[in-house]
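Here is the structure we will look at.
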Amino acid sequence: TRASGCEIVETVLVKLASGTSNPTLPSWTLQPNPANDVLKIVFENAQKPFTTLLYNAQGQLVGTKIGSGSSVEIPVASLPPGFYWAEIWEEGQFLGSRKVLIAR
């Protein structure tokens with residue numbers, strides 16, 4: 001807490017694989033990027049249902065979608081323009097994240 005009474009709080013989430021080798025994560029893409037109305041996540045090698053999470057630049061969850069095929073679409077028309085992060089999870093296993101730009 002500063003002398004002015006304002007409190008500063010910071011939260012940091014670090015996701016880093018540990019070990020002697022780099023894990024090979026499945027390949028997936030975002031289309032289009034930058035997105036305007038709909039963000040399509042293409043995960044062609046999906047063998048099980050996967051969950052896509054969309055976070056804003058402040059780390060707040062702003063969208064989630066469960067996919068059961070090779071792709072899933074997240075509506076983004078109501079979100080303000082800016083940078084976001086998309087993550088894919090499959091049965092509790094983190095499969096990667098990508099930067100997304102929402103532009104108008």
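Every chain in the structure tokens takes a letter, A first, then B, and so on in the order presented; its residues are numbered from 1, and the ligands are numbered from 1 following the presented order.
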
List every residue of region 81-102 of chain A that has an atom at most 9 Å from any atom of region 57-72 of chain A, and for each one report the closest atom pair and its distance in Å to one decimal, counting only C-alpha atoms, with rows sorted by chain and then by increasing residue number, as a Markdown table.
| residue | atom | partner | partner_atom | distance |
| --- | --- | --- | --- | --- |
| A:Gly82 | CA | A:Ala57 | CA | 7.8 |
| A:Phe83 | CA | A:Ala57 | CA | 5.9 |
| A:Tyr84 | CA | A:Ala57 | CA | 5.4 |
| A:Trp85 | CA | A:Ala57 | CA | 7.4 |

- Item | Distance query Val76 (chain A) at most 6 Å, only C-alpha atoms, self and fewer than 2 positions along chain excluded, as a count of residues only | 4

Got a sec: who's within 10 Å of Asn36 (chain A), counting only C-alpha atoms, leaving out chain neighbours fewer than 2 positions off, as an mmCIF file with N, CA and C atoms, in the first residue's frame?
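Saved the output as result_21.cif:
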data_model
loop_
_atom_site.group_PDB
_atom_site.id
_atom_site.type_symbol
_atom_site.label_atom_id
_atom_site.label_comp_id
_atom_site.auth_asym_id
_atom_site.auth_seq_id
_atom_site.Cartn_x
_atom_site.Cartn_y
_atom_site.Cartn_z
ATOM 1 N N PRO A 32 -10.148 -15.676 -38.989
ATOM 2 C CA PRO A 32 -9.016 -14.871 -39.435
ATOM 3 C C PRO A 32 -8.341 -14.238 -38.231
ATOM 4 N N ASN A 33 -7.169 -13.765 -38.408
ATOM 5 C CA ASN A 33 -6.458 -13.056 -37.346
ATOM 6 C C ASN A 33 -5.710 -11.897 -37.995
ATOM 7 N N PRO A 34 -6.213 -10.689 -37.920
ATOM 8 C CA PRO A 34 -7.211 -10.170 -36.981
ATOM 9 C C PRO A 34 -8.636 -10.600 -37.326
ATOM 10 N N VAL A 38 -16.308 -13.121 -36.048
ATOM 11 C CA VAL A 38 -16.201 -14.496 -35.563
ATOM 12 C C VAL A 38 -14.742 -14.937 -35.654
ATOM 13 N N LEU A 39 -14.280 -15.595 -34.610
ATOM 14 C CA LEU A 39 -12.943 -16.174 -34.591
ATOM 15 C C LEU A 39 -13.100 -17.685 -34.725
ATOM 16 N N PRO A 75 -17.940 -16.152 -31.259
ATOM 17 C CA PRO A 75 -18.365 -14.821 -31.686
ATOM 18 C C PRO A 75 -17.585 -13.743 -30.935
ATOM 19 N N VAL A 76 -17.045 -12.760 -31.665
ATOM 20 C CA VAL A 76 -16.249 -11.701 -31.042
ATOM 21 C C VAL A 76 -16.770 -10.306 -31.391
ATOM 22 N N ALA A 77 -17.910 -10.218 -32.075
ATOM 23 C CA ALA A 77 -18.439 -8.926 -32.519
ATOM 24 C C ALA A 77 -18.749 -7.995 -31.347
ATOM 25 N N SER A 78 -19.090 -8.541 -30.197
ATOM 26 C CA SER A 78 -19.444 -7.712 -29.042
ATOM 27 C C SER A 78 -18.225 -7.290 -28.218
ATOM 28 N N LEU A 79 -17.053 -7.821 -28.540
ATOM 29 C CA LEU A 79 -15.841 -7.491 -27.782
ATOM 30 C C LEU A 79 -15.190 -6.229 -28.335
ATOM 31 N N PRO A 80 -14.607 -5.405 -27.466
ATOM 32 C CA PRO A 80 -13.910 -4.213 -27.949
ATOM 33 C C PRO A 80 -12.642 -4.590 -28.712
ATOM 34 N N PRO A 81 -12.235 -3.757 -29.660
ATOM 35 C CA PRO A 81 -11.001 -4.031 -30.388
ATOM 36 C C PRO A 81 -9.810 -4.097 -29.434
ATOM 37 N N LEU A 101 -5.893 -10.666 -32.478
ATOM 38 C CA LEU A 101 -6.219 -9.241 -32.585
ATOM 39 C C LEU A 101 -7.657 -9.119 -33.052
ATOM 40 N N ILE A 102 -8.453 -8.371 -32.309
ATOM 41 C CA ILE A 102 -9.809 -8.065 -32.733
ATOM 42 C C ILE A 102 -9.794 -6.624 -33.215
ATOM 43 N N ALA A 103 -10.160 -6.443 -34.480
ATOM 44 C CA ALA A 103 -10.104 -5.125 -35.117
ATOM 45 C C ALA A 103 -11.435 -4.827 -35.788
ATOM 46 N N ARG A 104 -11.732 -3.576 -35.903
ATOM 47 C CA ARG A 104 -12.964 -3.143 -36.593
ATOM 48 C C ARG A 104 -12.593 -2.268 -37.755
#

Review point. Could you write out, as a ChimeraX atom specification, all the residues of chain A that DSSP marks as strand (DSSP E)?
Key: /A:29-31,38-42,50-56,61-67,71-75,82-90,93-102

Would you save the residues of that selection, restricted to C-alpha atoms, as a CSV table (one decimal), in the first residue's frame?
chain,number,residue,atom,x,y,z
A,29,THR,CA,-4.7,-22.1,-36.1
A,30,LEU,CA,-6.9,-19.0,-35.7
A,31,GLN,CA,-8.8,-17.7,-38.7
A,38,VAL,CA,-16.2,-14.5,-35.6
A,39,LEU,CA,-12.9,-16.2,-34.6
A,40,LYS,CA,-12.6,-19.7,-36.0
A,41,ILE,CA,-10.2,-22.1,-34.3
A,42,VAL,CA,-9.1,-25.0,-36.5
A,50,PHE,CA,-11.5,-29.7,-26.8
A,51,THR,CA,-12.1,-26.4,-25.0
A,52,THR,CA,-11.1,-23.0,-26.3
A,53,LEU,CA,-10.8,-20.1,-23.9
A,54,LEU,CA,-10.5,-16.5,-24.9
A,55,TYR,CA,-8.9,-14.0,-22.5
A,56,ASN,CA,-8.6,-10.2,-22.9
A,61,LEU,CA,-12.0,-14.8,-19.5
A,62,VAL,CA,-14.2,-13.3,-22.1
A,63,GLY,CA,-15.3,-16.3,-24.2
A,64,THR,CA,-15.3,-20.1,-24.1
A,65,LYS,CA,-16.4,-22.8,-26.5
A,66,ILE,CA,-16.2,-26.6,-26.6
A,67,GLY,CA,-15.4,-28.1,-29.9
A,71,SER,CA,-13.0,-26.5,-35.7
A,72,VAL,CA,-15.0,-24.2,-33.4
A,73,GLU,CA,-16.2,-20.6,-33.8
A,74,ILE,CA,-16.3,-18.0,-31.1
A,75,PRO,CA,-18.4,-14.8,-31.7
A,82,GLY,CA,-7.6,-5.0,-29.0
A,83,PHE,CA,-5.3,-7.9,-28.2
A,84,TYR,CA,-6.6,-11.2,-26.8
A,85,TRP,CA,-5.2,-14.7,-26.1
A,86,ALA,CA,-6.8,-17.9,-27.2
A,87,GLU,CA,-6.0,-21.2,-25.4
A,88,ILE,CA,-6.8,-24.8,-26.2
A,89,TRP,CA,-7.3,-27.5,-23.6
A,90,GLU,CA,-8.1,-31.2,-24.2
A,93,GLN,CA,-4.1,-30.8,-20.9
A,94,PHE,CA,-2.9,-27.5,-22.1
A,95,LEU,CA,-2.3,-27.6,-25.9
A,96,GLY,CA,-1.0,-24.0,-26.4
A,97,SER,CA,-2.0,-20.4,-26.7
A,98,ARG,CA,-2.0,-17.8,-29.5
A,99,LYS,CA,-2.3,-14.0,-29.7
A,100,VAL,CA,-5.5,-12.7,-31.3
A,101,LEU,CA,-6.2,-9.2,-32.6
A,102,ILE,CA,-9.8,-8.1,-32.7
